[in-house]
Structures are given as C-alpha cells and as structure tokens.
Amino acid sequence: MAVGLAFVGYFATYANNIILARRKDRLCRVNMQLPGLYGPLYAIDRATDTAWIAFRSRYRPRGAYFDDADPPSLDELEAWRVWMTEVFMPMNLLMEKAIIENADLIIENEMPKSFIDLIAHVAAYKPVMKKWEGGDFSEHLSFSEYPRDRLSGYVERSYVALTNERAELLGRLKQGINRNRK
C-alpha cells in the first residue's frame, strides 16, 4: 500500500514537472516574441497612427491626400515629403527591421501578408525618396500601398494575445510551483 502511494506521488510529481517544463518553455518563447517583435511593432504602429492623425488633422483633413479631382498644392506636397522623410519612413524602417531581424518570432508558420505588404511598401518607397534627394518630385507615392488597417489589427491582436498568454502562463507556473512545494 505504501509503495503504491509512493509510486502515485512520484508519478504525480513527475507529470507536474513535465507540465511545468512545457509552460516554462512556452513562457520563454512568449518572452522572446514580445520584446523582440510584437512589442516594438505595436509601439511603433501606435505611434505611427498617432502621427498620421496629427498630420492629417493639419494637412488635407478631408478626403484622400492624393485625389485626382482635388490634387494637393505644392505646399501640401512639400509637407508630405517632409513628413514621409522625417516621420513616417523612419518608423516604417524600424518596423521593417524588426520583422526582418526577428522573423523567427512570428506566431504563425508563414509570414503574415500584412508584414510582406509592409516590407514591399517600404522597398517601393525607397526609390521615390531617392529621387526627392536629387530634387526630382515627379513621384510622391510608393507603388505598393501601406497595409494600415490589416497591419494595425494584426499587430494589436497578436500583442494582446501574447501579453494575455504570458499572464496566464505566469499564473499557472506559480500555481504549479506552489503545488510542488506542498
């Protein structure tokens, strides 16, 4: 009887240790994903959105910025170039760098389409901005559209899911460790 109870106790401890090890491994992964990829993307995306709202509240607040029926003035085009050069492109480059350098931290097995679209948008804007450096202002837009809504939604959902998962894992690990101490 005592041997049976000891075996059950040993097996329960062994099983609990396996569960704890898996949770620790998952927590380690989440703790890499948040600061390495999703945290920076979330912060930059939120800052970009705030800057975009500020920009649009000042310049051409109604309708599309580039509208064939009501094209932007020369001053508005200059403002666009300044904001793209000094605000939006630097933030886009930070997001591009985070994605490229931390692609192994992506939640899914495949690269999210919004990430691919962002990288394509940034790449297609580089020649436009290079022309601006030489004084050629014949182009103002990337050939690839910025994936604003899809990117923001994906990054926010992923960031929130990972922070919630981390909190849950920490709580479960604490419970499991306390259980082992008893």
# chains A, B, ... in the order shown; residues from 1 in each chain; ligands from 1
>>> residues_around(residues="region 162-172 of chain A", least_positions_apart="6", cutoff="9 Å", atoms="only C-alpha atoms", output="PDB file with N, CA and C atoms, in the first residue's frame")
ATOM      1  N   LEU A  20       5.084  21.752 -15.973  1.00  0.00           N
ATOM      2  CA  LEU A  20       5.786  22.992 -15.621  1.00  0.00           C
ATOM      3  C   LEU A  20       6.889  23.308 -16.624  1.00  0.00           C
ATOM      4  N   ARG A  23       5.334  24.662 -19.777  1.00  0.00           N
ATOM      5  CA  ARG A  23       4.877  26.038 -19.552  1.00  0.00           C
ATOM      6  C   ARG A  23       6.060  27.001 -19.517  1.00  0.00           C
ATOM      7  N   LYS A  24       7.146  26.590 -18.888  1.00  0.00           N
ATOM      8  CA  LYS A  24       8.344  27.443 -18.842  1.00  0.00           C
ATOM      9  C   LYS A  24       8.900  27.651 -20.242  1.00  0.00           C
ATOM     10  N   ARG A  26       7.204  27.536 -23.065  1.00  0.00           N
ATOM     11  CA  ARG A  26       6.273  28.415 -23.777  1.00  0.00           C
ATOM     12  C   ARG A  26       6.432  29.855 -23.296  1.00  0.00           C
ATOM     13  N   LEU A  27       6.588  30.027 -21.975  1.00  0.00           N
ATOM     14  CA  LEU A  27       6.788  31.368 -21.426  1.00  0.00           C
ATOM     15  C   LEU A  27       8.079  31.984 -21.969  1.00  0.00           C
ATOM     16  N   VAL A  30       7.287  33.168 -25.504  1.00  0.00           N
ATOM     17  CA  VAL A  30       6.468  34.392 -25.458  1.00  0.00           C
ATOM     18  C   VAL A  30       7.316  35.575 -25.010  1.00  0.00           C
ATOM     19  N   ASN A  31       8.192  35.347 -24.045  1.00  0.00           N
ATOM     20  CA  ASN A  31       9.067  36.420 -23.559  1.00  0.00           C
ATOM     21  C   ASN A  31      10.103  36.840 -24.591  1.00  0.00           C
ATOM     22  N   GLN A  33       9.113  36.713 -28.020  1.00  0.00           N
ATOM     23  CA  GLN A  33       8.259  37.303 -29.053  1.00  0.00           C
ATOM     24  C   GLN A  33       7.830  38.723 -28.703  1.00  0.00           C
ATOM     25  N   LEU A  34       7.516  38.960 -27.446  1.00  0.00           N
ATOM     26  CA  LEU A  34       7.012  40.291 -27.070  1.00  0.00           C
ATOM     27  C   LEU A  34       8.064  41.383 -27.246  1.00  0.00           C
ATOM     28  N   TYR A  38       6.703  41.680 -31.427  1.00  0.00           N
ATOM     29  CA  TYR A  38       5.349  42.225 -31.326  1.00  0.00           C
ATOM     30  C   TYR A  38       5.262  43.484 -30.455  1.00  0.00           C
TER      31      TYR A  38
END
>>> closest_atom_pairs(of="region 19-42 of chain A", to="region 77-99 of chain A", cutoff="8 Å", atoms="only C-alpha atoms", output="JSON lines")
{"residue": "A:Gly36", "atom": "CA", "partner": "A:Ala98", "partner_atom": "CA", "distance": 7.3}
{"residue": "A:Leu37", "atom": "CA", "partner": "A:Ala98", "partner_atom": "CA", "distance": 5.8}
{"residue": "A:Pro40", "atom": "CA", "partner": "A:Ala98", "partner_atom": "CA", "distance": 7.4}
{"residue": "A:Leu41", "atom": "CA", "partner": "A:Met95", "partner_atom": "CA", "distance": 5.9}
>>> atom_distance(atom1="CA of Arg46 (chain A)", atom2="CA of Pro127 (chain A)")
26.1 Å
>>> atom_distance(atom1="CA of Trp52 (chain A)", atom2="CA of Ala161 (chain A)")
25.5 Å
>>> closest_residue(among="A:Tyr154, A:Pro35, A:Lys131, A:Glu101", to="Lys113 (chain A)", atoms="only C-alpha atoms")
A:Tyr154
>>> residues_around(residues="region 59-61 of chain A", least_positions_apart="2", cutoff="8 Å", atoms="only C-alpha atoms", output="PDB file with N, CA and C atoms, in the first residue's frame")
ATOM      1  N   PHE A  55      -0.851  64.580 -38.537  1.00  0.00           N
ATOM      2  CA  PHE A  55      -0.528  65.089 -39.875  1.00  0.00           C
ATOM      3  C   PHE A  55      -1.785  65.407 -40.657  1.00  0.00           C
ATOM      4  N   ARG A  56      -2.725  64.459 -40.685  1.00  0.00           N
ATOM      5  CA  ARG A  56      -3.944  64.651 -41.466  1.00  0.00           C
ATOM      6  C   ARG A  56      -4.873  65.698 -40.867  1.00  0.00           C
ATOM      7  N   SER A  57      -4.794  65.928 -39.580  1.00  0.00           N
ATOM      8  CA  SER A  57      -5.626  66.984 -38.997  1.00  0.00           C
ATOM      9  C   SER A  57      -5.132  68.363 -39.436  1.00  0.00           C
ATOM     10  N   GLY A  63     -11.038  63.826 -46.943  1.00  0.00           N
ATOM     11  CA  GLY A  63     -10.803  63.063 -48.165  1.00  0.00           C
ATOM     12  C   GLY A  63      -9.392  62.518 -48.260  1.00  0.00           C
ATOM     13  N   ALA A  64      -9.107  61.972 -49.418  1.00  0.00           N
ATOM     14  CA  ALA A  64      -7.789  61.385 -49.662  1.00  0.00           C
ATOM     15  C   ALA A  64      -6.753  62.498 -49.828  1.00  0.00           C
ATOM     16  N   TYR A  65      -5.551  62.224 -49.400  1.00  0.00           N
ATOM     17  CA  TYR A  65      -4.481  63.222 -49.551  1.00  0.00           C
ATOM     18  C   TYR A  65      -4.169  63.420 -51.026  1.00  0.00           C
ATOM     19  N   PRO A  72      -3.184  67.738 -54.319  1.00  0.00           N
ATOM     20  CA  PRO A  72      -2.559  68.572 -53.296  1.00  0.00           C
ATOM     21  C   PRO A  72      -1.788  69.741 -53.915  1.00  0.00           C
ATOM     22  N   GLU A  76       1.375  71.473 -49.886  1.00  0.00           N
ATOM     23  CA  GLU A  76       0.928  70.191 -49.325  1.00  0.00           C
ATOM     24  C   GLU A  76       1.836  69.045 -49.768  1.00  0.00           C
ATOM     25  N   ALA A  79       4.906  69.355 -47.634  1.00  0.00           N
ATOM     26  CA  ALA A  79       4.616  68.844 -46.284  1.00  0.00           C
ATOM     27  C   ALA A  79       4.631  67.314 -46.306  1.00  0.00           C
TER      28      ALA A  79
END
>>> select_by_dssp(residues="region 33-69 of chain A", states="alpha helix (DSSP H)", output="PyMOL selection string")
chain A and resi 33+39-58
>>> atom_distance(atom1="CA of Leu141 (chain A)", atom2="CA of Val122 (chain A)")
10.7 Å
